[in-house]
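Report on one structure; see the data block that follows.
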Amino acid sequence: MRYRATAAIAVVSGALALTTAAIPAAQATGPAHPAAPAGSRSPATTSGRLAPAVNTTNTMNVTFSNVDIDKGAAYVAAGTTNTVPVPYTYTLTATGVDPTKDFSTSLDLYRGAVASPDNLLSGNHAGCEHASTTTGAGGATTVTETCSGTVDIHPDDLATADAGATWKGVAYAFDSATSGWAQHGTWPAPTIKRWGTLTDDANPEPVTKGDDVTVTGTLSRASWDTHKYWGYAGEPVKLQFRPATSSTYTTLKTVTTNSDGEVTASSPATVDGYWRLSFAGSTTTVPSTPTGDYVDVR
């Protein structure tokens, strides 16, 4: 289990006990307050981050709606080195608490159960803009804000089991002045897939009309454990061709990668054109299709 959570919450005698690093700095009063700067991914040095806790009880009248994670994308892809920002937006409605003072809010991604996730990817502090303020019959003030931020996914925070799994979003808010807490979630989030690459090389060049063109390539995908790319074995790869006079590829046959992710496919050549391999993707790995290799027929 790898948590990107940067401050722990403990449940002590039914109350929340927070580490000193978890107390966010006060935000400026006004109709809008900017997001706090993204900190280090190190739990020891990033302040103001909170993780979902077991049996956490909401103590503030704060709700979240219109939650959107990465504009409804089906998946995001992570390689071996680059950080992948996943944007989120939501509407925050707070009654009886001022979200512009001593207040932080964010959204995290998690896999498994929210109370004891198999993996948790912590979001940066959300930036919120004031939308409306209303006063109820009893005098309670309700403030509505539109909030946005990112969850920055780094390969160091991922394990093999995370690929293709079901991920969800959980939003929270914390008031450092009162230690008030609110957490709501299980919103659908994109799957996280491993980045993949596919090479191709067509030979001979040129080729005699009627002879075979042989296309070789290697299908590889990112390992989040070793931070290297390794051959993807046992996967179907299509051999495709398009004539030089056309923009449409036709699938000629489907072959399977060997134990090293290598593939070889051949077909007779009749006209000049482009040869390529194509991988449609899997539940854990993104699709990959090279641009194609031109072969002259003589």
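The chains in the structure tokens are called A, B, ... from first to last as shown; in each chain the residues are counted from 1, and the ligands are counted from 1 in the order shown.
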Counting only C-alpha atoms, which residues of segment 187-220 of chain A fall within 8 Å of segment 77-97 of chain A, and what is the closest atom pair for each with its distance in Å at one decimal, ordered by chain and rising number, as a tab-separated table?
residue	atom	partner	partner_atom	distance
A:Ile192	CA	A:Ala77	CA	5.8
A:Lys193	CA	A:Ala77	CA	4.8
A:Arg194	CA	A:Ala78	CA	5.4
A:Trp195	CA	A:Gly79	CA	4.8
A:Gly196	CA	A:Gly79	CA	7.8
May I have the residues from that selection written out with C-alpha atoms, as a PDB file, in the first residue's frame?
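The result, written out as result.pdb:
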ATOM      1  CA  ILE A 192      -5.007   4.634 -14.443  1.00  0.00           C
ATOM      2  CA  LYS A 193      -3.229   2.720 -17.197  1.00  0.00           C
ATOM      3  CA  ARG A 194       0.388   1.950 -17.938  1.00  0.00           C
ATOM      4  CA  TRP A 195       1.965   3.851 -20.822  1.00  0.00           C
ATOM      5  CA  GLY A 196       2.930   1.632 -23.755  1.00  0.00           C
TER       6      GLY A 196
END
So that I can check the surroundings of segment 170-176 of chain A, please list as a compact mmCIF listing (two decimals) with N, CA and C atoms, in the first residue's frame every protein, DNA and RNA residue that reaches within 8 Å of it, counting only C-alpha atoms and ignoring chain neighbours fewer than 5 positions away.
# COMPACT_ATOMS: atom_id res chain seq x y z
N ILE A 23 -2.26 21.14 9.97
CA ILE A 23 -3.03 22.36 10.16
C ILE A 23 -2.68 23.34 9.05
N PRO A 24 -3.63 23.63 8.14
CA PRO A 24 -3.31 24.52 7.03
C PRO A 24 -3.24 25.97 7.46
N ALA A 26 -3.99 29.91 7.39
CA ALA A 26 -5.23 30.62 7.14
C ALA A 26 -5.21 31.23 5.75
N VAL A 62 -21.02 20.84 5.36
CA VAL A 62 -20.40 21.14 4.07
C VAL A 62 -20.73 19.99 3.13
N PHE A 64 -20.64 18.59 -1.21
CA PHE A 64 -19.94 18.70 -2.48
C PHE A 64 -20.87 18.20 -3.58
N PRO A 99 -16.04 29.44 4.47
CA PRO A 99 -14.98 28.72 3.76
C PRO A 99 -13.85 29.61 3.26
N LYS A 101 -12.11 31.50 5.37
CA LYS A 101 -11.22 31.72 6.51
C LYS A 101 -10.78 30.38 7.10
N ASP A 102 -9.47 30.23 7.32
CA ASP A 102 -8.93 29.06 8.03
C ASP A 102 -9.48 27.76 7.46
N PHE A 103 -9.57 27.67 6.15
CA PHE A 103 -10.32 26.60 5.53
C PHE A 103 -9.52 26.01 4.38
N SER A 104 -9.50 24.72 4.26
CA SER A 104 -8.87 24.07 3.11
C SER A 104 -9.79 22.99 2.58
N THR A 105 -9.71 22.76 1.29
CA THR A 105 -10.53 21.73 0.66
C THR A 105 -9.77 21.13 -0.51
N SER A 106 -10.05 19.89 -0.81
CA SER A 106 -9.35 19.22 -1.90
C SER A 106 -10.10 17.95 -2.26
N LEU A 107 -9.58 17.26 -3.26
CA LEU A 107 -10.12 15.98 -3.68
C LEU A 107 -8.97 15.00 -3.85
N ASP A 108 -9.14 13.79 -3.35
CA ASP A 108 -8.15 12.73 -3.48
C ASP A 108 -8.72 11.61 -4.34
N LEU A 109 -7.83 10.83 -4.94
CA LEU A 109 -8.22 9.62 -5.66
C LEU A 109 -7.83 8.42 -4.82
N TYR A 110 -8.69 7.41 -4.80
CA TYR A 110 -8.36 6.23 -4.00
C TYR A 110 -8.84 4.97 -4.70
N VAL A 114 -12.75 3.61 0.99
CA VAL A 114 -12.30 4.96 1.36
C VAL A 114 -11.72 4.98 2.77
N TRP A 181 -14.62 19.16 10.19
CA TRP A 181 -14.21 18.25 9.12
C TRP A 181 -15.43 17.79 8.34
N ALA A 182 -15.30 17.70 7.04
CA ALA A 182 -16.36 17.12 6.21
C ALA A 182 -15.72 16.33 5.09
N GLN A 183 -16.29 15.18 4.81
CA GLN A 183 -15.74 14.30 3.78
C GLN A 183 -16.88 13.58 3.09
N HIS A 184 -16.88 13.64 1.77
CA HIS A 184 -17.90 12.96 0.99
C HIS A 184 -17.23 12.37 -0.25
N GLY A 185 -17.71 11.23 -0.71
CA GLY A 185 -17.06 10.68 -1.89
C GLY A 185 -17.67 9.42 -2.44
N THR A 186 -16.90 8.75 -3.22
CA THR A 186 -17.15 7.62 -4.12
C THR A 186 -17.61 8.10 -5.48
N TRP A 187 -17.09 9.25 -5.92
CA TRP A 187 -17.36 9.70 -7.28
C TRP A 187 -16.47 8.95 -8.27
Checklist line | All strand (DSSP E or B) residues (DSSP, backbone) inside segment 140-215 of chain A, as a ChimeraX atom specification | finding: /A:141-153,167-175,180-188,191-194,196-198,201-203,207,212-215
Which residues are close to Gly164 of chain A, i.e. within 9 Å by only C-alpha atoms, leaving aside same-chain residues fewer than 2 positions away? Reply as a tab-separated table (two decimals) with N, CA, C and O atoms, in the first residue's frame.
chain	number	residue	atom	x	y	z
A	75	TYR	N	-9.71	7.08	-18.92
A	75	TYR	CA	-8.47	6.69	-18.26
A	75	TYR	C	-7.42	7.79	-18.41
A	75	TYR	O	-7.53	8.66	-19.27
A	161	ALA	N	-0.64	-3.30	-9.27
A	161	ALA	CA	-2.06	-3.59	-9.04
A	161	ALA	C	-2.96	-2.39	-9.29
A	161	ALA	O	-4.18	-2.54	-9.43
A	162	ASP	N	-2.39	-1.18	-9.38
A	162	ASP	CA	-3.19	0.01	-9.60
A	162	ASP	C	-3.69	0.12	-11.05
A	162	ASP	O	-4.67	0.80	-11.32
A	166	THR	N	-10.41	-0.02	-10.40
A	166	THR	CA	-11.45	1.00	-10.24
A	166	THR	C	-10.98	2.05	-9.25
A	166	THR	O	-10.63	1.73	-8.11
A	167	TRP	N	-10.97	3.31	-9.69
A	167	TRP	CA	-10.58	4.43	-8.84
A	167	TRP	C	-11.79	5.32	-8.61
A	167	TRP	O	-12.67	5.42	-9.45
A	191	THR	N	-9.75	5.38	-14.81
A	191	THR	CA	-8.80	4.31	-14.58
A	191	THR	C	-7.38	4.84	-14.85
A	191	THR	O	-7.20	5.76	-15.64
A	192	ILE	N	-6.40	4.28	-14.18
A	192	ILE	CA	-5.01	4.63	-14.44
A	192	ILE	C	-4.36	3.47	-15.19
A	192	ILE	O	-4.37	2.33	-14.71
A	193	LYS	N	-3.84	3.77	-16.38
A	193	LYS	CA	-3.23	2.72	-17.20
A	193	LYS	C	-1.73	2.95	-17.36
A	193	LYS	O	-1.23	4.06	-17.18
A	194	ARG	N	-1.04	1.88	-17.69
A	194	ARG	CA	0.39	1.95	-17.94
A	194	ARG	C	0.64	2.44	-19.37
A	194	ARG	O	-0.04	2.02	-20.31
A	282	SER	N	-5.20	-2.58	-23.71
A	282	SER	CA	-5.80	-3.60	-22.83
A	282	SER	C	-6.38	-2.90	-21.61
A	282	SER	O	-6.33	-1.67	-21.51
A	283	THR	N	-6.89	-3.64	-20.68
A	283	THR	CA	-7.47	-3.04	-19.48
A	283	THR	C	-6.43	-2.33	-18.64
A	283	THR	O	-6.76	-1.43	-17.87
A	284	THR	N	-5.14	-2.68	-18.80
A	284	THR	CA	-4.09	-2.09	-17.98
A	284	THR	C	-3.13	-1.20	-18.75
A	284	THR	O	-2.36	-0.46	-18.13
A	285	THR	N	-3.18	-1.23	-20.08
A	285	THR	CA	-2.16	-0.57	-20.90
A	285	THR	C	-2.81	0.19	-22.06
A	285	THR	O	-3.77	-0.31	-22.67
Notebook entry, point to check: Given the choices A:Asp201, A:Asp118, A:Asp157, A:Asp98, which gets closest to Asp293 of chain A if the distance is worked out from only C-alpha atoms?
Noted result: A:Asp201
Next item on the list: Just the residues within 9 Å of Trp230 of chain A, please, counting only C-alpha atoms, with nothing from its chain fewer than 6 positions along; format it as a list in words.
Entry: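 My list of contacting residues is Leu219, Ser220, Arg221, Ala222, Ser223, Asp260 and Gly261 of chain A.
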Selected residues written out, C-alpha atoms, as a CSV table (one decimal), in the first residue's frame:
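Okay, result_36.csv is ready:
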chain,number,residue,atom,x,y,z
A,219,LEU,CA,5.4,-3.8,-27.8
A,220,SER,CA,6.6,-2.5,-24.4
A,221,ARG,CA,4.9,-0.9,-21.4
A,222,ALA,CA,5.9,1.0,-18.3
A,223,SER,CA,6.7,-0.8,-15.1
A,260,ASP,CA,9.8,-10.4,-24.9
A,261,GLY,CA,7.0,-8.4,-26.5
Notebook entry, point to check: Which is closer to Glu262 of chain A than all the others in A:Ser179, A:Thr197, A:Asn66, A:Thr150, using only C-alpha atoms?
Noted result: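 Closest candidate: A:Thr197.
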Checklist line | Closest of A:Ala269, A:Val255, A:Cys128, A:Val143 to Thr208 of chain A - atom-to-atom distances counting only C-alpha atoms | finding: A:Ala269
Next item on the list: Find, counting only C-alpha atoms, the residue in A:Gly234, A:Pro287, A:Gly281, A:Gly217 that gets nearest to Thr264 of chain A.
Entry: A:Gly217
Next item on the list: Work out how far apart atom CA of Leu198 of chain A and atom CA of Gly210 of chain A are and give it in Å to one decimal.
Entry: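 Result for atom CA of Leu198 of chain A versus atom CA of Gly210 of chain A: 26.9 Å, one decimal.
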